[in-house]
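Here's the structure, in structure tokens; my notes come after.
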Amino acid sequence: MTEPRPRPRAALAMARRTARQVLDDRALARLTRLTDLDGGLVLDDLTTPAAHHALATAELLITGWGCPPVDRAALDAAPRLRAIVHTAGTVRHHITEACWERGIAVSSAAAANAVPVAEYTLAMILLANKRALDIARDHRAERRRVDWNERYPDAGNYRRTVGILSASAIGRRVMALLRPHDLDILLYDPYLTADEARALGARRVPLDELFATSDVVSVHTPLLPETRGLVSRELLAALRTGGTLVNTARGAIVDQRALTDEVLAGRLYAVLDVTEPELLPADSPLYDCDHVLLTPHIAGSTGGELRRLADLAIGEVDRYVHGRPFAHPVRPEILDRSA
């Protein structure tokens, strides 16, 4: 068994609120056993004298939501820094090119954050096909016995078609959760072969076919320059009447004006955990549209699920302390097409 080396000096870099929510007393106790960490010091600005003092001896940076960019100036203040462990998903907001040039090892808890997003997505797909929200709304309004089979003859999940947009980490987990159900799964991902899609339990199809033949389309592509507005007015028009778009990725991937037109007209449904902008103006018609379920970016880790992020990150710290490679490394060569 590999013996642990002397505890490396570590520092927390994230919003103070993030530190309170993600790193509870149990998590901080585990981190202080593994590292030389001042758990009461949280760096939310890497330019201050206090930050420079902490960075001067830090070998490991534990980051989270609200971490400032670890740019060249921050790295100049951190000559001993060797690794960054992120307690959330994407590292795009704080890992800079200078980190890769310096050879900093980076890990992310994206795999842990994918779990609740996939669970949320599965629930919404099944409820959308079941027409649960429509039926619940009608039942609440009418309060009488109704033949729901007569009113919603197409409700249900048996042999319905679900389109998955991107075999990202979350998209793959969603497909795995969909497998036990009697659903036909389609996949659009330009980086996958037909055989690779079949191994995931899906049939690879072109993007226009995905929209034209699916009952529900679920968006899991990262927001990149080439995916901004990818779900266009034309694709939404191809989605069959009564179809549902589920978006837990980023709002800007979808032409929101076109989607708003479709749901206000009553032709499509939408489950939106993300929008563009992320907080819609108070007068947005999407808030009151019966064809839209709008949630405020809660699909990812929320409440008690934050413990999973901390556990994964602490596991990575443990591996680093014992001289083992990260189990969840972030590699710069694939960052340009991942979240």
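Chain labels run A, B, ... following the order of the structure tokens; each chain numbers its residues from 1, and ligands are numbered from 1 in the order shown.
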
Quiz item: Can you tell me, as a PyMOL selection string, what residues are no more than 7 Å from stretch 202-204 of chain A when counting only C-alpha atoms, ignoring any on the same chain fewer than 3 positions away?
Solution: chain A and resi 185-188+194+197-198

Self-check item: For stretch 20-32 of chain A: contacts at 7 Å, only C-alpha atoms, fewer than 2 positions along chain excluded, given as a list in words
Solution: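 What passes the distance filter is Arg16, Arg17, Thr18, Leu34, Thr35, Asp36, Leu37, Gly39, Leu306, Arg307, Ala310 and Ile314 of chain A.
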
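Proximity to A:Glu316 was assessed for A:Ala73, A:Thr87, A:Asp147, A:Pro79 counting only C-alpha atoms; the smallest distance is recorded for A:Thr87.
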
I want to know what sits within 8 Å of stretch 254-261 of chain A, based on only C-alpha atoms, with residues of the same chain fewer than 5 positions away left out; could you give that as a compact mmCIF listing (two decimals) with N, CA, C and O atoms, in the first residue's frame?
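Output file result-v9.txt is given in full below:
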# COMPACT_ATOMS: atom_id res chain seq x y z
N ARG A 228 -24.35 27.23 -29.87
CA ARG A 228 -25.24 28.34 -29.51
C ARG A 228 -26.35 28.45 -30.55
O ARG A 228 -26.10 28.57 -31.74
N GLY A 229 -27.60 28.38 -30.12
CA GLY A 229 -28.74 28.43 -31.04
C GLY A 229 -28.91 27.18 -31.87
O GLY A 229 -29.63 27.18 -32.87
N LEU A 230 -28.25 26.08 -31.47
CA LEU A 230 -28.32 24.83 -32.25
C LEU A 230 -29.75 24.35 -32.41
O LEU A 230 -30.15 23.90 -33.49
N VAL A 231 -30.55 24.42 -31.35
CA VAL A 231 -31.95 24.02 -31.43
C VAL A 231 -32.72 25.20 -32.01
O VAL A 231 -33.19 26.09 -31.31
N SER A 232 -32.82 25.19 -33.32
CA SER A 232 -33.30 26.34 -34.09
C SER A 232 -34.82 26.31 -34.24
O SER A 232 -35.50 25.34 -33.90
N ARG A 233 -35.34 27.39 -34.80
CA ARG A 233 -36.78 27.46 -35.09
C ARG A 233 -37.19 26.34 -36.03
O ARG A 233 -38.26 25.74 -35.88
N LEU A 236 -37.38 23.03 -34.06
CA LEU A 236 -38.56 23.02 -33.19
C LEU A 236 -39.83 22.83 -34.00
O LEU A 236 -40.76 22.13 -33.56
N THR A 275 -32.60 28.80 -18.93
CA THR A 275 -33.14 29.72 -19.92
C THR A 275 -32.07 30.74 -20.27
O THR A 275 -30.99 30.76 -19.68
N GLU A 276 -32.36 31.58 -21.23
CA GLU A 276 -31.45 32.65 -21.62
C GLU A 276 -32.23 33.97 -21.61
O GLU A 276 -33.13 34.16 -22.44
N PRO A 285 -43.58 35.57 -20.56
CA PRO A 285 -44.80 34.75 -20.65
C PRO A 285 -44.55 33.29 -20.30
O PRO A 285 -45.51 32.54 -20.08
N LEU A 286 -43.30 32.85 -20.22
CA LEU A 286 -43.01 31.45 -19.91
C LEU A 286 -43.42 31.09 -18.48
O LEU A 286 -43.74 29.94 -18.19

Can you tell me which residues surround stretch 44-47 of chain A at a distance of at most 9 Å, considering only C-alpha atoms, apart from same-chain residues fewer than 2 positions away, and format the answer as an mmCIF file with C-alpha atoms, in the first residue's frame?
data_model
loop_
_atom_site.group_PDB
_atom_site.id
_atom_site.type_symbol
_atom_site.label_atom_id
_atom_site.label_comp_id
_atom_site.auth_asym_id
_atom_site.auth_seq_id
_atom_site.Cartn_x
_atom_site.Cartn_y
_atom_site.Cartn_z
ATOM 1 C CA LEU A 12 -10.040 26.842 -0.599
ATOM 2 C CA ALA A 13 -10.937 29.096 -3.548
ATOM 3 C CA MET A 14 -14.658 29.620 -4.115
ATOM 4 C CA ALA A 15 -17.532 31.833 -3.035
ATOM 5 C CA ARG A 16 -17.965 31.843 0.734
ATOM 6 C CA VAL A 42 -11.987 30.947 1.762
ATOM 7 C CA PRO A 49 -2.597 40.296 0.052
ATOM 8 C CA ALA A 50 -4.329 37.600 2.140
ATOM 9 C CA ALA A 51 -4.870 35.493 -0.980
ATOM 10 C CA HIS A 52 -1.252 35.933 -2.087
ATOM 11 C CA LEU A 55 -1.206 30.963 -2.396
ATOM 12 C CA GLY A 66 -17.533 31.353 -7.516
ATOM 13 C CA CYS A 67 -13.816 30.638 -7.795
ATOM 14 C CA PRO A 68 -12.040 33.542 -9.534
ATOM 15 C CA PRO A 69 -10.022 32.737 -12.669
ATOM 16 C CA VAL A 70 -6.730 31.064 -11.833
ATOM 17 C CA ALA A 73 -1.061 36.488 -12.015
ATOM 18 C CA ALA A 74 -2.610 34.040 -9.564
ATOM 19 C CA ALA A 77 1.610 34.119 -6.603
#

Self-check item: Between atom CA of A:Ala212 and atom CA of A:Ala237 - distance in Å to one decimal
Solution: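 Distance between the two atoms: 8.6 Å.
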
Practice problem: For stretch 108-125 of chain A, list every protein, DNA or RNA residue within 9 Å, evaluated using only C-alpha atoms, and leave out those in the same chain fewer than 6 positions away; present the list as a PyMOL selection string. | Solution: chain A and resi 84-91+157+162+169-175+177-178+216-218+244+246-248+271+298-302+305-306+308-313+316+328-330+339

Quiz item: What is the distance between atom CA of A:Pro281 and atom CA of A:Leu294, in Å to one decimal?
Solution: 13.1 Å

Quiz item: Just asking: which residues within stretch 66-309 of chain A are strand (DSSP E) according to DSSP, as a VMD selection string?
Solution: chain A and resid 83 to 86 105 to 108 160 to 165 183 to 188 203 to 204 216 to 219 244 to 247 269 to 272 292 to 294

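Ranking A:Thr193, A:Gly163, A:His181, A:Asp134 by their shortest atom-to-atom distance to A:Leu239, with only C-alpha atoms included, puts A:Gly163 first.
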
Quiz prompt | Proximity to A:Asp290 - best of A:Ala176, A:Ile135, A:Ile334, A:Ala54, only C-alpha atoms | solution =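 Checking each of A:Ala176, A:Ile135, A:Ile334, A:Ala54 against A:Asp290, counting only C-alpha atoms, the winner is A:Ile135.
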
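When DSSP is run on the backbone, the residues of stretch 205-255 of chain A that fall into alpha helix (DSSP H) are Leu207, Asp208, Glu209, Leu210, Phe211, Ala212, Thr213, Arg233, Glu234, Leu235, Leu236, Ala237 and Ala238 of chain A.
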
Those selected residues, please, written with N, CA and C atoms and delivered as a tab-separated table (two decimals), in the first residue's frame.
chain	number	residue	atom	x	y	z
A	207	LEU	N	-29.51	15.19	-36.93
A	207	LEU	CA	-30.20	16.10	-36.01
A	207	LEU	C	-31.64	16.36	-36.45
A	208	ASP	N	-31.85	16.55	-37.75
A	208	ASP	CA	-33.22	16.83	-38.19
A	208	ASP	C	-34.14	15.64	-37.99
A	209	GLU	N	-33.61	14.43	-38.15
A	209	GLU	CA	-34.42	13.24	-37.92
A	209	GLU	C	-34.74	13.07	-36.44
A	210	LEU	N	-33.79	13.42	-35.59
A	210	LEU	CA	-34.03	13.34	-34.15
A	210	LEU	C	-35.27	14.14	-33.77
A	211	PHE	N	-35.36	15.36	-34.28
A	211	PHE	CA	-36.49	16.21	-33.93
A	211	PHE	C	-37.77	15.77	-34.63
A	212	ALA	N	-37.66	15.30	-35.86
A	212	ALA	CA	-38.85	14.95	-36.62
A	212	ALA	C	-39.53	13.68	-36.11
A	213	THR	N	-38.79	12.82	-35.41
A	213	THR	CA	-39.35	11.51	-35.04
A	213	THR	C	-39.46	11.29	-33.54
A	233	ARG	N	-35.34	27.39	-34.80
A	233	ARG	CA	-36.78	27.46	-35.09
A	233	ARG	C	-37.19	26.34	-36.03
A	234	GLU	N	-36.33	26.01	-36.99
A	234	GLU	CA	-36.65	24.96	-37.95
A	234	GLU	C	-36.73	23.59	-37.27
A	235	LEU	N	-35.81	23.32	-36.37
A	235	LEU	CA	-35.85	22.03	-35.66
A	235	LEU	C	-37.06	21.95	-34.75
A	236	LEU	N	-37.38	23.03	-34.06
A	236	LEU	CA	-38.56	23.02	-33.19
A	236	LEU	C	-39.83	22.83	-34.00
A	237	ALA	N	-39.87	23.41	-35.18
A	237	ALA	CA	-41.05	23.24	-36.04
A	237	ALA	C	-41.19	21.80	-36.50
A	238	ALA	N	-40.06	21.07	-36.57
A	238	ALA	CA	-40.10	19.67	-37.00
A	238	ALA	C	-40.58	18.74	-35.89

Practice problem: Would you please work out which residue, of A:His297, A:Arg331, A:His291, A:His94, is nearest to A:Arg137 when using only C-alpha atoms? | Solution: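 For A:Arg137, the nearest of the given residues is A:His291.
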